Every structure is written in C-alpha cells, then in structure tokens.
>>> print(open('model27.csv').read())   # CSV, C-alpha atoms and all ligand atoms
chain,number,residue,atom,x,y,z
A,1,MET,CA,7.9,-7.9,16.0
A,2,ARG,CA,6.9,-6.2,12.8
A,3,LYS,CA,7.1,-2.4,12.9
A,4,LYS,CA,3.7,-0.9,12.1
A,5,ILE,CA,3.4,1.1,8.8
A,6,ILE,CA,0.7,3.6,8.1
A,7,ALA,CA,0.8,5.0,4.6
A,8,GLY,CA,-1.5,7.6,3.0
A,9,ASN,CA,-2.6,7.1,-0.6
A,10,TRP,CA,-3.5,10.6,-1.8
A,11,LYS,CA,-4.9,9.2,-5.1
A,12,MET,CA,-5.7,12.1,-7.5
A,13,ASN,CA,-6.1,14.6,-4.8
A,14,VAL,CA,-3.8,17.5,-3.6
A,15,LYS,CA,-2.1,19.8,-6.0
A,16,PRO,CA,1.7,20.4,-6.1
A,17,SER,CA,1.1,23.8,-4.5
A,18,GLU,CA,-0.8,22.2,-1.6
A,19,THR,CA,1.6,19.4,-0.9
A,20,ALA,CA,4.1,21.0,1.4
A,21,ALA,CA,1.4,22.3,3.7
A,22,LEU,CA,-0.2,18.9,4.1
A,23,VAL,CA,3.1,17.0,4.6
A,24,LYS,CA,4.3,19.6,7.1
A,25,ALA,CA,1.0,19.4,9.1
A,26,ILE,CA,1.3,15.6,9.2
A,27,ALA,CA,5.0,15.8,10.1
A,28,GLU,CA,4.2,18.2,13.0
A,29,ALA,CA,1.4,16.0,14.3
A,30,VAL,CA,3.6,12.8,14.3
A,31,LYS,CA,6.9,14.3,15.3
A,32,ASP,CA,7.2,12.2,18.4
A,33,VAL,CA,6.2,8.9,16.8
A,34,GLN,CA,9.1,6.5,16.8
A,35,ASN,CA,7.7,3.0,16.4
A,36,VAL,CA,5.5,3.5,13.3
A,37,ASP,CA,6.7,4.0,9.8
A,38,VAL,CA,4.7,7.0,8.3
A,39,VAL,CA,4.5,7.3,4.6
A,40,CYS,CA,2.7,9.7,2.2
A,41,CYS,CA,2.2,8.3,-1.3
A,42,THR,CA,1.4,11.2,-3.5
A,43,PRO,CA,0.6,11.8,-7.2
A,44,ALA,CA,4.0,11.7,-9.1
A,45,ILE,CA,3.8,15.5,-9.8
A,46,ASP,CA,3.6,16.1,-6.0
A,47,VAL,CA,6.6,13.9,-5.2
A,48,PRO,CA,9.3,16.7,-5.4
A,49,ALA,CA,7.4,18.9,-3.0
A,50,ALA,CA,6.6,16.0,-0.7
A,51,VAL,CA,10.3,15.0,-0.6
A,52,ALA,CA,11.3,18.5,0.3
A,53,ALA,CA,8.7,18.7,3.0
A,54,CYS,CA,9.6,15.3,4.4
A,55,LYS,CA,13.3,16.3,4.9
A,56,GLY,CA,14.2,16.2,8.6
A,57,THR,CA,10.9,14.7,9.6
A,58,ASN,CA,9.9,11.1,10.3
A,59,VAL,CA,7.5,11.1,7.3
A,60,HIS,CA,8.6,9.2,4.2
A,61,PRO,CA,7.7,10.1,0.6
A,62,GLY,CA,6.3,7.7,-1.9
A,63,ALA,CA,4.4,7.5,-5.3
A,64,GLU,CA,1.3,5.8,-6.5
A,65,ASN,CA,2.5,3.8,-9.5
A,66,VAL,CA,5.7,3.1,-11.4
A,67,HIS,CA,6.7,1.6,-14.8
A,68,TRP,CA,9.0,-1.4,-15.1
A,69,GLU,CA,11.2,0.0,-17.9
A,70,GLN,CA,14.0,2.4,-17.1
A,71,SER,CA,13.5,4.8,-20.0
A,72,GLY,CA,12.3,5.0,-23.6
A,73,ALA,CA,9.1,5.5,-25.6
A,74,TYR,CA,6.5,5.0,-22.9
A,75,THR,CA,4.5,8.2,-23.0
A,76,GLY,CA,3.0,9.2,-19.7
A,77,GLU,CA,4.9,6.7,-17.6
A,78,ILE,CA,7.4,7.2,-14.8
A,79,SER,CA,10.4,4.9,-14.1
A,80,THR,CA,11.9,3.7,-10.8
A,81,GLY,CA,15.0,5.7,-11.6
A,82,MET,CA,13.0,8.9,-11.9
A,83,LEU,CA,11.2,8.3,-8.6
A,84,LEU,CA,14.5,7.6,-6.8
A,85,ASP,CA,16.1,10.6,-8.4
A,86,ALA,CA,13.2,12.7,-7.1
A,87,GLY,CA,13.7,11.2,-3.6
A,88,ALA,CA,10.8,8.8,-3.3
A,89,GLU,CA,11.3,5.8,-1.0
A,90,TYR,CA,8.0,3.9,-1.5
A,91,VAL,CA,5.7,3.1,-4.3
A,92,ILE,CA,2.2,1.6,-4.4
A,93,VAL,CA,1.8,-1.1,-7.0
A,94,GLY,CA,-1.4,-2.7,-8.3
A,95,HIS,CA,-3.9,-0.6,-6.5
A,96,SER,CA,-7.5,-1.8,-7.3
A,97,GLU,CA,-8.2,1.5,-9.0
A,98,ARG,CA,-5.3,0.8,-11.4
A,99,ARG,CA,-6.7,-2.7,-12.0
A,100,GLN,CA,-10.3,-1.5,-12.4
A,101,TYR,CA,-9.8,1.6,-14.6
A,102,PHE,CA,-6.4,1.3,-16.2
A,103,GLY,CA,-6.0,-2.3,-17.3
A,104,GLU,CA,-3.6,-3.4,-14.6
A,105,THR,CA,-3.2,-7.2,-14.5
A,106,ASP,CA,-1.4,-9.5,-12.1
A,107,GLU,CA,1.3,-9.8,-14.7
A,108,THR,CA,1.9,-6.0,-14.9
A,109,VAL,CA,1.7,-5.8,-11.1
A,110,ASN,CA,4.5,-8.4,-11.0
A,111,LYS,CA,6.7,-6.4,-13.5
A,112,ARG,CA,6.2,-3.2,-11.5
A,113,ALA,CA,6.8,-4.8,-8.2
A,114,ARG,CA,10.0,-6.5,-9.2
A,115,ALA,CA,11.3,-3.4,-10.9
A,116,ALA,CA,10.6,-1.3,-7.8
A,117,ILE,CA,12.2,-3.7,-5.4
A,118,ALA,CA,15.3,-4.2,-7.7
A,119,ALA,CA,15.7,-0.5,-7.8
A,120,GLY,CA,15.6,-0.2,-4.0
A,121,LEU,CA,12.1,1.3,-3.6
A,122,VAL,CA,9.8,-0.3,-1.1
A,123,ALA,CA,6.9,-1.7,-3.1
A,124,ILE,CA,3.4,-1.6,-1.5
A,125,VAL,CA,1.7,-4.4,-3.5
A,126,CYS,CA,-2.1,-4.3,-3.3
A,127,VAL,CA,-4.4,-7.3,-3.4
A,128,GLY,CA,-8.1,-7.6,-2.7
A,129,GLU,CA,-11.4,-9.1,-3.9
A,130,THR,CA,-14.4,-7.4,-5.3
A,131,LEU,CA,-17.8,-7.9,-3.7
A,132,GLU,CA,-18.9,-10.1,-6.6
A,133,GLU,CA,-15.9,-12.3,-6.1
A,134,ARG,CA,-16.5,-12.5,-2.3
A,135,ASP,CA,-20.2,-13.3,-2.8
A,136,ALA,CA,-19.3,-16.0,-5.4
A,137,GLY,CA,-17.1,-17.7,-2.8
A,138,LYS,CA,-13.9,-16.9,-4.8
A,139,LEU,CA,-12.1,-15.0,-2.1
A,140,VAL,CA,-9.3,-17.5,-1.5
A,141,GLU,CA,-8.9,-18.2,-5.2
A,142,VAL,CA,-8.6,-14.5,-6.1
A,143,ILE,CA,-6.1,-13.6,-3.3
A,144,GLU,CA,-4.0,-16.7,-4.1
A,145,ARG,CA,-3.9,-15.8,-7.8
A,146,GLN,CA,-3.1,-12.1,-7.1
A,147,MET,CA,-0.3,-13.2,-4.8
A,148,LYS,CA,1.2,-16.0,-6.8
A,149,THR,CA,1.2,-14.1,-10.1
A,150,GLY,CA,1.8,-10.6,-8.7
A,151,LEU,CA,4.8,-11.8,-6.6
A,152,LYS,CA,6.2,-14.4,-9.0
A,153,ASP,CA,10.0,-14.5,-8.7
A,154,VAL,CA,10.0,-12.2,-5.7
A,155,THR,CA,12.6,-13.8,-3.3
A,156,ALA,CA,13.1,-14.0,0.4
A,157,ALA,CA,15.8,-11.3,0.2
A,158,ASP,CA,13.3,-9.0,-1.6
A,159,CYS,CA,11.0,-9.1,1.4
A,160,ALA,CA,13.0,-6.4,3.0
A,161,LYS,CA,11.6,-4.1,0.3
A,162,LEU,CA,8.1,-5.5,0.2
A,163,VAL,CA,4.8,-4.4,1.9
A,164,ILE,CA,1.5,-6.0,1.0
A,165,ALA,CA,-1.8,-4.1,1.3
A,166,TYR,CA,-5.0,-6.0,1.6
A,167,GLU,CA,-7.8,-3.8,0.2
A,168,PRO,CA,-11.2,-5.4,-0.2
A,169,VAL,CA,-12.5,-3.4,-3.2
A,170,TRP,CA,-16.0,-3.2,-1.6
A,171,ALA,CA,-14.5,-1.3,1.4
A,172,ILE,CA,-12.6,1.4,-0.6
A,173,GLY,CA,-14.1,4.8,-0.3
A,174,THR,CA,-17.5,3.2,0.6
A,175,GLY,CA,-17.4,3.8,4.4
A,176,ARG,CA,-17.9,0.0,4.6
A,177,THR,CA,-14.9,-1.5,6.5
A,178,ALA,CA,-14.1,-5.2,6.7
A,179,THR,CA,-14.6,-6.3,10.3
A,180,PRO,CA,-11.3,-6.9,12.1
A,181,ASP,CA,-12.1,-10.7,12.0
A,182,GLN,CA,-12.8,-10.6,8.3
A,183,ALA,CA,-9.6,-8.7,7.6
A,184,GLN,CA,-7.5,-10.9,9.9
A,185,GLU,CA,-8.7,-14.0,8.1
A,186,VAL,CA,-7.5,-12.6,4.7
A,187,HIS,CA,-4.2,-11.3,6.2
A,188,ALA,CA,-3.5,-14.8,7.6
A,189,LEU,CA,-4.2,-16.2,4.1
A,190,ILE,CA,-1.9,-13.7,2.5
A,191,ARG,CA,0.9,-14.5,4.9
A,192,LYS,CA,0.4,-18.3,4.3
A,193,THR,CA,0.4,-17.8,0.6
A,194,LEU,CA,3.5,-15.6,0.9
A,195,ALA,CA,5.2,-18.3,2.9
A,196,GLY,CA,4.6,-20.7,0.1
A,197,LEU,CA,6.4,-18.3,-2.2
A,198,VAL,CA,9.4,-17.0,-0.1
A,199,GLY,CA,9.5,-19.3,2.9
A,200,ALA,CA,7.8,-18.9,6.3
A,201,GLU,CA,10.7,-17.0,7.9
A,202,ALA,CA,10.8,-14.3,5.3
A,203,ALA,CA,6.9,-14.1,5.2
A,204,GLU,CA,6.9,-13.4,9.0
A,205,THR,CA,8.9,-10.2,8.4
A,206,VAL,CA,6.6,-8.7,5.7
A,207,ARG,CA,4.2,-6.0,6.9
A,208,ILE,CA,0.6,-6.5,5.6
A,209,GLN,CA,-1.5,-3.4,5.7
A,210,TYR,CA,-5.3,-3.2,5.7
A,211,GLY,CA,-6.9,-0.6,3.4
A,212,GLY,CA,-10.5,0.4,2.9
A,213,SER,CA,-12.3,3.0,4.9
A,214,MET,CA,-9.8,2.9,7.7
A,215,LYS,CA,-10.4,5.8,10.0
A,216,PRO,CA,-9.5,7.0,13.5
A,217,GLY,CA,-12.7,5.3,14.8
A,218,ASN,CA,-11.9,1.8,13.5
A,219,ALA,CA,-8.1,1.7,13.2
A,220,ALA,CA,-7.3,0.5,16.7
A,221,GLU,CA,-9.4,-2.7,16.6
A,222,LEU,CA,-8.1,-3.5,13.1
A,223,LEU,CA,-4.5,-2.9,14.1
A,224,ALA,CA,-4.9,-5.1,17.2
A,225,LYS,CA,-5.1,-8.2,15.0
A,226,PRO,CA,-2.0,-10.3,14.8
A,227,ASP,CA,-1.5,-10.1,11.0
A,228,ILE,CA,-2.6,-6.5,10.5
A,229,ASP,CA,0.6,-4.5,10.5
A,230,GLY,CA,-0.6,-1.2,9.3
A,231,GLY,CA,-2.9,0.7,7.1
A,232,LEU,CA,-3.1,2.1,3.6
A,233,ILE,CA,-5.3,5.1,4.0
A,234,GLY,CA,-7.2,7.0,1.3
A,235,GLY,CA,-9.7,9.7,2.4
A,236,ALA,CA,-8.6,9.9,6.0
A,237,ALA,CA,-5.0,10.6,4.9
A,238,LEU,CA,-6.0,13.9,3.3
A,239,LYS,CA,-6.3,15.6,6.7
A,240,ALA,CA,-3.4,15.8,9.1
A,241,ASP,CA,-5.6,15.3,12.2
A,242,SER,CA,-7.4,12.1,11.0
A,243,PHE,CA,-4.2,10.7,9.5
A,244,ALA,CA,-2.3,11.4,12.8
A,245,ALA,CA,-5.1,9.8,14.8
A,246,ILE,CA,-4.7,6.6,12.9
A,247,ILE,CA,-1.0,6.7,13.4
A,248,ALA,CA,-1.6,7.2,17.1
A,249,ALA,CA,-3.8,4.1,17.1
A,250,ALA,CA,-0.9,2.2,15.6
A,251,LYS,CA,1.7,3.2,18.2
B,301,LIG,P1,-10.3,4.9,1.6
B,301,LIG,O1,-9.5,4.9,2.8
B,301,LIG,O2,-10.7,6.2,1.1
B,301,LIG,O3,-11.4,3.9,1.6
B,301,LIG,O4,-9.3,4.3,0.4
B,301,LIG,C1,-8.5,3.2,0.7
B,301,LIG,C2,-7.5,3.0,-0.4
B,301,LIG,O5,-7.9,2.7,-1.5
B,301,LIG,C3,-6.1,3.2,0.0
B,301,LIG,O6,-5.3,2.8,-1.0
>>> encode(input="model27.csv", output="structure tokens", more="lines below")
Ligand code: 13P
Amino acid sequence: MRKKIIAGNWKMNVKPSETAALVKAIAEAVKDVQNVDVVCCTPAIDVPAAVAACKGTNVHPGAENVHWEQSGAYTGEISTGMLLDAGAEYVIVGHSERRQYFGETDETVNKRARAAIAAGLVAIVCVGETLEERDAGKLVEVIERQMKTGLKDVTAADCAKLVIAYEPVWAIGTGRTATPDQAQEVHALIRKTLAGLVGAEAAETVRIQYGGSMKPGNAAELLAKPDIDGGLIGGAALKADSFAAIIAAAK
C-alpha cells in the first residue's frame, strides 16, 4: 500500500509575511490526518517561514525548484544544500511552467532530480503532455521521453526519495480536469515506464500524483484509481479549507 501524498504548489503566490498564517491554517485543518503525507511547496523566499510554521505539525515544507550545482556563479539559483539548510524536505522538479516559460528540458530535469535525491530531498518530478501533443496522438511518446530522459540514472534505491506528478498541461489552471479514467491510463503508463527503468518492485513503491484542476469536488474519484496516489494542487492549495478537503478525500 502506497501512502497517499497531497502537495500544494503555491507557484508565485503568497508573500513571506503571509506564509505562516496559511501553513498554520492548513496544519490546524489536517491535525488529525495520519495516513496522508501533506506537503506545502512554496516559493523559495517563503521556505524559512513555512519551515517554522510546519514545526510540530504534520505538514511538510518544500520548494518549487532547485539547481543541480552546490554553489558558485549561478545568479538567481538555489542549491539543494541551501534548501536543506533552510529545512525544506521536498522539491518540485520540472513543472510544466518551468518547461514552458523557463527553458527547462528533460536533461535539466534529470540533473535537478538526481541532485535533489542525492542530497536527501524528496523530488516531485513532473511530467505531462500538452493538448497539441495529445491531439497529435503523441501522448505515449511524450510521457516515455520525459520519464526516460528525466529519470535517467535514477536507481531503485533512489525511489524512496522519488514522487512523480502527472500533470496534463491542458488541465493546469484551466478548470478542465482529466477524467479519472484518462488519468489512470497515463498513471499506469508512467508506472510501467518506471518499471523499465528501476524494476517493477521499486516502481510499485513510487507515489504518482495527479495534478491539474484537482479540487474538493473531483479529488475523491481521481484518488480512487489504483495508480493515483495523491495530488499536486495549485489553486485549491492556496486556501486551507479547499486544500484540507482534498486531503480529507485522500484519507
Ligand atoms: P491547478 O491545480 O491550479 O490546476 O495547478 C496544478 C499544478 O500545476 C500543480 O503543480
């Protein structure tokens, strides 16, 4: 049995001064939740406040991106050592918005994911097709390419620190959700592709989150599918009550 994992991706929302209040409201709302991992991935500048607010709660802090080098002349970047020093436990890697707007490639996703896992962070590695790719019949090809290149040289042992998020780009922030059957089909493909990389036994242990307009109203039916082990939540993670309602659907 894989433990469900619900993670918020705050994106470029929530100021440092607003962070503690949101984390505390979430922590209060989920204080009795035992069987779901609850994570808030925040802008890097919010991480210290989130870490402080998560202390003594069952909410875990994370970041939204990380660089693969430890230090040096990489203006604007943040290393795994910095995130760990600040107390982050998780980091999102290869979100489609990084791929779309900031030149992220499967190769850089791979560098970031391997650096995060090697440092001891849990990497939430994102994959997902655009609407054009889906309509052109390239779904399988795109997911397999993102998995094989993005997770190159990731080992079975690394799977303890790996979460995969399937986020169809056409479902992100659009209000248009993949149907549970559509999502399950891709989650099964992801697990099969992962099994080819790390072996079936390790692949069975890896949680695969769905992301893209997941809300209290559609979470339960998505999370009921056998290979949907959680959610990566954007808009609905910015309010404690909607985020907690999704977590309630997972437990
Ligand atoms: P929304 O939940 O706002 O669609 O965002 C999903 C997402 O991109 C999470 O990483």
>>> closest_residue(input="model27.csv", among="A:Ser213, A:Asn13, A:Gln146, A:Thr177", to="ligand LIG 301 (chain B)", atoms="all atoms listed in the file")
A:Ser213
>>> closest_residue(input="model27.csv", among="A:Val169, A:Val23, A:Val140, A:Leu84", to="Lys192 in chain A", atoms="all atoms listed in the file")
A:Val140
>>> residues_around(input="model27.csv", residues="Val33 in chain A", least_positions_apart="4", cutoff="10 Å", atoms="all atoms listed in the file", output="list in words")
Ala27, Ala29, Asp37, Val38, Asn58, Val59, Ala244, Ile247, Ala248, Ala250 and Lys251 of chain A
>>> write_last_selection(input="model27.csv", atoms="C-alpha atoms", output="short mmCIF file (atom, residue, chain, number, x, y, z; two decimals), keeping the file's coordinate frame")
data_model
loop_
_atom_site.label_atom_id
_atom_site.label_comp_id
_atom_site.auth_asym_id
_atom_site.auth_seq_id
_atom_site.Cartn_x
_atom_site.Cartn_y
_atom_site.Cartn_z
CA ALA A 27 5.00 15.80 10.10
CA ALA A 29 1.40 16.00 14.30
CA ASP A 37 6.70 4.00 9.80
CA VAL A 38 4.70 7.00 8.30
CA ASN A 58 9.90 11.10 10.30
CA VAL A 59 7.50 11.10 7.30
CA ALA A 244 -2.30 11.40 12.80
CA ILE A 247 -1.00 6.70 13.40
CA ALA A 248 -1.60 7.20 17.10
CA ALA A 250 -0.90 2.20 15.60
CA LYS A 251 1.70 3.20 18.20
#
>>> residues_near_point(input="model27.csv", point="(-1.1, 9.1, -4.8)", cutoff="7 Å", atoms="only C-alpha atoms", output="PyMOL selection string")
chain A and resi 9-12+41-43+63-64
>>> write_last_selection(input="model27.csv", atoms="C-alpha atoms", output="compact mmCIF listing (two decimals), keeping the file's coordinate frame")
# COMPACT_ATOMS: atom_id res chain seq x y z
CA ASN A 9 -2.60 7.10 -0.60
CA TRP A 10 -3.50 10.60 -1.80
CA LYS A 11 -4.90 9.20 -5.10
CA MET A 12 -5.70 12.10 -7.50
CA CYS A 41 2.20 8.30 -1.30
CA THR A 42 1.40 11.20 -3.50
CA PRO A 43 0.60 11.80 -7.20
CA ALA A 63 4.40 7.50 -5.30
CA GLU A 64 1.30 5.80 -6.50
>>> residues_near_ligand(input="model27.csv", ligand="ligand LIG 301 (chain B)", cutoff="10 Å", atoms="only C-alpha atoms and all ligand atoms", output="ChimeraX atom specification")
/A:7-11,41,64,92,94-97,124,126,165-177,209-215,231-238
>>> residues_around(input="model27.csv", residues="range 46-52 of chain A", least_positions_apart="2", cutoff="12 Å", atoms="all atoms listed in the file", output="PyMOL selection string")
chain A and resi 10-27+39-44+54-65+78+82-91
>>> closest_residue(input="model27.csv", among="A:Asp135, A:Asp181, A:Glu104, A:Asp32", to="His67 in chain A", atoms="all atoms listed in the file")
A:Glu104
>>> atom_distance(input="model27.csv", atom1="CA of Gly128 in chain A", atom2="CA of Glu221 in chain A")
20.0 Å
>>> closest_residue(input="model27.csv", among="A:Ala160, A:Gly150, A:Pro180, A:Gly230", to="Leu197 in chain A", atoms="only C-alpha atoms")
A:Gly150
>>> closest_residue(input="model27.csv", among="A:Ile45, A:Leu223, A:Ala245, A:Ala113", to="Lys152 in chain A", atoms="only C-alpha atoms")
A:Ala113
>>> atom_distance(input="model27.csv", atom1="CA of Arg99 in chain A", atom2="CA of Ala118 in chain A")
22.5 Å
>>> residues_near_point(input="model27.csv", point="(6.9, -17.2, -2.4)", cutoff="9 Å", atoms="all atoms listed in the file", output="VMD selection string")
chain A and resid 147 to 148 151 to 156 193 to 200 203
>>> write_last_selection(input="model27.csv", atoms="C-alpha atoms", output="mmCIF file, keeping the file's coordinate frame")
data_model
loop_
_atom_site.group_PDB
_atom_site.id
_atom_site.type_symbol
_atom_site.label_atom_id
_atom_site.label_comp_id
_atom_site.auth_asym_id
_atom_site.auth_seq_id
_atom_site.Cartn_x
_atom_site.Cartn_y
_atom_site.Cartn_z
ATOM 1 C CA MET A 147 -0.300 -13.200 -4.800
ATOM 2 C CA LYS A 148 1.200 -16.000 -6.800
ATOM 3 C CA LEU A 151 4.800 -11.800 -6.600
ATOM 4 C CA LYS A 152 6.200 -14.400 -9.000
ATOM 5 C CA ASP A 153 10.000 -14.500 -8.700
ATOM 6 C CA VAL A 154 10.000 -12.200 -5.700
ATOM 7 C CA THR A 155 12.600 -13.800 -3.300
ATOM 8 C CA ALA A 156 13.100 -14.000 0.400
ATOM 9 C CA THR A 193 0.400 -17.800 0.600
ATOM 10 C CA LEU A 194 3.500 -15.600 0.900
ATOM 11 C CA ALA A 195 5.200 -18.300 2.900
ATOM 12 C CA GLY A 196 4.600 -20.700 0.100
ATOM 13 C CA LEU A 197 6.400 -18.300 -2.200
ATOM 14 C CA VAL A 198 9.400 -17.000 -0.100
ATOM 15 C CA GLY A 199 9.500 -19.300 2.900
ATOM 16 C CA ALA A 200 7.800 -18.900 6.300
ATOM 17 C CA ALA A 203 6.900 -14.100 5.200
#
>>> atom_distance(input="model27.csv", atom1="CA of Gln184 in chain A", atom2="CA of Ala224 in chain A")
9.7 Å
>>> closest_residue(input="model27.csv", among="A:Asn218, A:Glu129, A:Glu69, A:His187", to="Val142 in chain A", atoms="only C-alpha atoms")
A:Glu129
